[in-house]
Amino acid sequence: MQSWQSHPVPRVPGIPMPVRLFDTATRELRPTTPGHTATMYVCGITPYDATHLGHAATYLAFDLVHRLWLDAGHAVHYVQNVTDVDDPLLERAERDSADWMVLAMRETALFREDMEALRVLPPRDYVGAVEAIPEITEVVAKLLADGVAYRADEGFPDVYYDHSATAWFGSVSNEDEPTMRALFAERGGDPDRPGKRHPLDPVLWRAARPGEPCWDGELGSGRPGWHVECSVIALNRLGMGFDVQGGGSDLIFPHHEFSAAHAEALTGQHPFARHYVHAGMIGLDGEKMSKSRGNLVFVSRLRGDRVDPMAIRLALLDGHYRADRDWTPALLEAGAARLATWRAATALPAGPSAEDTVARLRTHLADDLDTPRALLAVDAWAAEAMAGRGRDPDAPTLIRTAVDALLGIALAE
Ligand code: 5CA
Ligand code: ZN
């Protein structure tokens, strides 16, 4: 699929820092250890509605990882999917008497625009589930041949994955079985489907149902399951043991557990990813922002109201990426005020020396993306500059460059 346009990322003088991130699987804050090319897979949208601020916050967090790796001199191979065929998309299309494919194309196009406006660096590979069907078919056929997948023996001949196929199952989420069962039922699983060997087994290939889109091939007419989609798209582009698998915390179980399990069963290797990194949930009035709840604030709506995307970016970065937090109008006002101050301060002919501020910015971001402290470091410099302290004529440009490259905020208007 077509990705979106990149904004150039300037080089920042000074010494970059290796980034440490909290890994859900080992529950440790550990440095990422990429080779020359850092590799990251972040779960993309299911395009049945516009990008809301929860999605935006999640993609911003991983954009910072991307930027910190670039700063450290790595090339970055970033892959993202689009779940452009799945139950929620088909249900929404049905509800609205819309064509599911047109709906997916429209919402994906809007997502690209939103990402570009927010200055999120694009993935190198942006891959739809539909275009990956030949790859997915091949993998599911191999899992069947290896005996770790089976056909349901009641009802439609859907293909299921045997969750107990590897000893590593459970190592991403660390959840116990009752919790897994509850989350599986809540998040798209079908524990009570007759004909499965175990309630936790997830679907790999859903046989064609009347009125549903389907593709023919060696598995018989049908469409792919959700977890295997991400498993295959990541594996075929990044290989096993890539640096970061990312997404919101609502994906830890079952999605990331099974994406990893499928790839590990297929290859006999562990781990699928070296870090599993999860962003907290953005809510509105104490409830998770979600398409199914309908309590959404859309990025495109704010843009339509002429809100500066840089103010949205600053508002979302004001909270720590791992914290569940609420979106409020006050947050946006604070983001806009901060943006105005930073712009005014960096438009001055001189300011206090900025090397220390840039070093602090790097240190805080490298410390599990501590954006609240990173923003405070820039605030402190801006306050001094606005008070007329400091005579360094290079400082405003240095701050502007660092804020652009590391935080993705454009200060030049
Ligand atoms: N297509 C799948 C992933 S393969 C999916 O979860 N799509 S989504 O459109 O529902 O979500 C896209 C991304 O936004 C996921 O990483 C999800 O974890 C994240 N996300 C969804 N809701 C929120 C929220 N309220 N706050 C933060 N992140 C969220
Ligand atoms: Zn995914």
# chains A, B, ... in the order shown; residues from 1 in each chain; ligands from 1
call {"tool": "residues_near_ligand", "arguments": {"ligand": "ligand 1", "cutoff": "9 Å", "atoms": "only C-alpha atoms and all ligand atoms", "output": "ChimeraX atom specification"}}
result
/A:42-59,80-84,86,226-227,229-230,246-252,255-256,278-284,287-291,296,321,324-325
call {"tool": "select_by_dssp", "arguments": {"residues": "region 149-230 of chain A", "states": "strand (DSSP E)", "output": "PyMOL selection string"}}
result
chain A and resi 149-151+159-161+203-207+222-224
call {"tool": "select_by_dssp", "arguments": {"residues": "region 322-401 of chain A", "states": "helix (DSSP H, G or I)", "output": "VMD selection string"}}
result
chain A and resid 329 to 346 355 to 366 371 to 386 395 to 401
call {"tool": "residues_around", "arguments": {"residues": "Asp368 (chain A)", "least_positions_apart": "3", "cutoff": "12 Å", "atoms": "only C-alpha atoms", "output": "MDAnalysis selection string"}}
result
chainID A and resid 17:23 28:32 61:62 64:65 68 277:279 320:323 362:365 371:374
call {"tool": "closest_residue", "arguments": {"among": "A:Pro254, A:Pro157, A:Leu90, A:Gly304", "to": "ligand 2", "atoms": "only C-alpha atoms and all ligand atoms"}}
result
A:Pro254
call {"tool": "residues_around", "arguments": {"residues": "Ala234 (chain A)", "least_positions_apart": "6", "cutoff": "9 Å", "atoms": "only C-alpha atoms", "output": "list in words"}}
result
Met40, Tyr41, Val79, Gln80, Asn81, Met240, Phe242 and Gln245 of chain A
call {"tool": "residues_around", "arguments": {"residues": "Phe258 (chain A)", "least_positions_apart": "5", "cutoff": "9 Å", "atoms": "only C-alpha atoms", "output": "PyMOL selection string"}}
result
chain A and resi 163+169-170+172+202+227-228+231+253+263
call {"tool": "closest_atom_pairs", "arguments": {"of": "region 184-292 of chain A", "to": "region 124-147 of chain A", "cutoff": "10 Å", "atoms": "only C-alpha atoms", "output": "tab-separated table"}}
result
residue	atom	partner	partner_atom	distance
A:Leu204	CA	A:Val140	CA	6.6
A:Trp205	CA	A:Val140	CA	7.4
A:Cys214	CA	A:Val130	CA	10.0
A:Trp215	CA	A:Ile133	CA	8.1
A:Asp216	CA	A:Thr137	CA	9.7
A:Gly217	CA	A:Thr137	CA	7.6
A:Glu218	CA	A:Thr137	CA	7.4
A:Leu219	CA	A:Ala141	CA	6.8
A:Gly220	CA	A:Thr137	CA	9.7
A:Gly222	CA	A:Thr137	CA	9.9
A:Arg223	CA	A:Ile133	CA	7.8
A:Pro224	CA	A:Ile136	CA	7.1
A:Gly225	CA	A:Ile136	CA	9.2
A:Trp226	CA	A:Ala129	CA	8.7
A:Val228	CA	A:Ile136	CA	7.0
A:Glu229	CA	A:Ala129	CA	6.1
A:Cys230	CA	A:Ala129	CA	8.3
A:Ser231	CA	A:Ile136	CA	8.8
A:Val232	CA	A:Ile136	CA	6.1
A:Ile233	CA	A:Ala132	CA	7.0
A:Ala234	CA	A:Val127	CA	9.7
A:Asn236	CA	A:Glu135	CA	8.2
A:Arg237	CA	A:Asp125	CA	8.2
A:His262	CA	A:Leu143	CA	8.2
A:Ala263	CA	A:Val139	CA	9.0
A:Ala265	CA	A:Leu143	CA	7.7
A:Leu266	CA	A:Leu143	CA	6.4
A:Thr267	CA	A:Leu143	CA	10.0
call {"tool": "write_last_selection", "arguments": {"atoms": "N, CA, C and O atoms", "output": "short mmCIF file (atom, residue, chain, number, x, y, z; two decimals), in the first residue's frame"}}
result
data_model
loop_
_atom_site.label_atom_id
_atom_site.label_comp_id
_atom_site.auth_asym_id
_atom_site.auth_seq_id
_atom_site.Cartn_x
_atom_site.Cartn_y
_atom_site.Cartn_z
N LEU A 204 -7.19 -18.93 12.25
CA LEU A 204 -6.14 -18.55 11.29
C LEU A 204 -6.73 -18.26 9.92
O LEU A 204 -6.23 -17.41 9.18
N TRP A 205 -7.76 -19.00 9.58
CA TRP A 205 -8.40 -18.84 8.26
C TRP A 205 -9.88 -19.09 8.44
O TRP A 205 -10.27 -20.17 8.91
N CYS A 214 -14.32 -13.10 0.32
CA CYS A 214 -13.48 -14.29 0.49
C CYS A 214 -12.52 -14.42 -0.68
O CYS A 214 -12.73 -13.83 -1.74
N TRP A 215 -11.46 -15.18 -0.44
CA TRP A 215 -10.42 -15.38 -1.44
C TRP A 215 -10.19 -16.88 -1.60
O TRP A 215 -10.17 -17.61 -0.59
N ASP A 216 -10.01 -17.31 -2.85
CA ASP A 216 -9.80 -18.73 -3.12
C ASP A 216 -8.31 -19.05 -3.08
O ASP A 216 -7.49 -18.18 -3.33
N GLY A 217 -8.01 -20.29 -2.79
CA GLY A 217 -6.60 -20.69 -2.78
C GLY A 217 -6.50 -22.06 -2.15
O GLY A 217 -7.52 -22.74 -1.98
N GLU A 218 -5.28 -22.42 -1.75
CA GLU A 218 -5.09 -23.79 -1.26
C GLU A 218 -5.79 -24.07 0.07
O GLU A 218 -5.97 -25.22 0.45
N LEU A 219 -6.22 -23.01 0.78
CA LEU A 219 -6.93 -23.25 2.04
C LEU A 219 -8.43 -23.38 1.82
O LEU A 219 -9.18 -23.60 2.77
N GLY A 220 -8.87 -23.17 0.60
CA GLY A 220 -10.30 -23.10 0.32
C GLY A 220 -10.74 -21.66 0.48
O GLY A 220 -10.04 -20.84 1.08
N GLY A 222 -12.01 -18.27 1.65
CA GLY A 222 -12.12 -17.71 3.01
C GLY A 222 -11.31 -16.45 3.15
O GLY A 222 -10.91 -15.83 2.15
N ARG A 223 -11.08 -16.04 4.41
CA ARG A 223 -10.28 -14.83 4.67
C ARG A 223 -9.42 -15.04 5.92
O ARG A 223 -9.73 -15.91 6.75
N PRO A 224 -8.37 -14.24 6.05
CA PRO A 224 -7.42 -14.50 7.15
C PRO A 224 -7.94 -14.08 8.52
O PRO A 224 -8.74 -13.15 8.64
N GLY A 225 -7.44 -14.76 9.55
CA GLY A 225 -7.66 -14.33 10.93
C GLY A 225 -6.79 -13.11 11.21
O GLY A 225 -5.88 -12.78 10.44
N TRP A 226 -7.04 -12.48 12.33
CA TRP A 226 -6.40 -11.21 12.65
C TRP A 226 -4.94 -11.36 13.09
O TRP A 226 -4.05 -10.68 12.59
N VAL A 228 -2.70 -13.74 12.70
CA VAL A 228 -1.77 -14.26 11.70
C VAL A 228 -1.42 -13.19 10.67
O VAL A 228 -0.32 -13.20 10.09
N GLU A 229 -2.33 -12.26 10.48
CA GLU A 229 -2.06 -11.14 9.56
C GLU A 229 -0.78 -10.40 10.00
O GLU A 229 0.17 -10.22 9.22
N CYS A 230 -0.75 -9.98 11.27
CA CYS A 230 0.41 -9.20 11.74
C CYS A 230 1.66 -10.08 11.84
O CYS A 230 2.77 -9.63 11.59
N SER A 231 1.43 -11.33 12.23
CA SER A 231 2.54 -12.26 12.36
C SER A 231 3.29 -12.38 11.03
O SER A 231 4.52 -12.23 10.96
N VAL A 232 2.54 -12.61 9.96
CA VAL A 232 3.14 -12.85 8.64
C VAL A 232 3.72 -11.58 8.04
O VAL A 232 4.82 -11.59 7.48
N ILE A 233 2.99 -10.48 8.17
CA ILE A 233 3.48 -9.22 7.58
C ILE A 233 4.81 -8.82 8.24
O ILE A 233 5.76 -8.41 7.57
N ALA A 234 4.88 -8.98 9.56
CA ALA A 234 6.13 -8.63 10.26
C ALA A 234 7.24 -9.63 9.91
O ALA A 234 8.35 -9.23 9.52
N ASN A 236 7.75 -11.69 7.41
CA ASN A 236 8.27 -11.69 6.04
C ASN A 236 9.08 -10.46 5.70
O ASN A 236 9.80 -10.45 4.70
N ARG A 237 8.95 -9.40 6.48
CA ARG A 237 9.72 -8.19 6.18
C ARG A 237 10.86 -7.94 7.16
O ARG A 237 11.87 -7.35 6.80
N HIS A 262 2.29 -17.62 16.62
CA HIS A 262 2.23 -18.18 15.26
C HIS A 262 3.62 -18.21 14.63
O HIS A 262 4.03 -19.21 14.04
N ALA A 263 4.33 -17.10 14.74
CA ALA A 263 5.66 -17.01 14.10
C ALA A 263 6.64 -17.96 14.78
O ALA A 263 7.49 -18.58 14.12
N ALA A 265 5.87 -20.78 16.35
CA ALA A 265 5.52 -22.15 15.98
C ALA A 265 6.02 -22.45 14.56
O ALA A 265 6.49 -23.55 14.27
N LEU A 266 5.92 -21.45 13.70
CA LEU A 266 6.32 -21.64 12.30
C LEU A 266 7.82 -21.85 12.17
O LEU A 266 8.29 -22.69 11.41
N THR A 267 8.59 -21.06 12.92
CA THR A 267 10.05 -21.05 12.73
C THR A 267 10.79 -21.89 13.76
O THR A 267 11.99 -22.17 13.58
#
call {"tool": "closest_residue", "arguments": {"among": "A:Gln5, A:Ser259, A:Thr108, A:Ser173", "to": "ligand 2", "atoms": "only C-alpha atoms and all ligand atoms"}}
result
A:Ser259
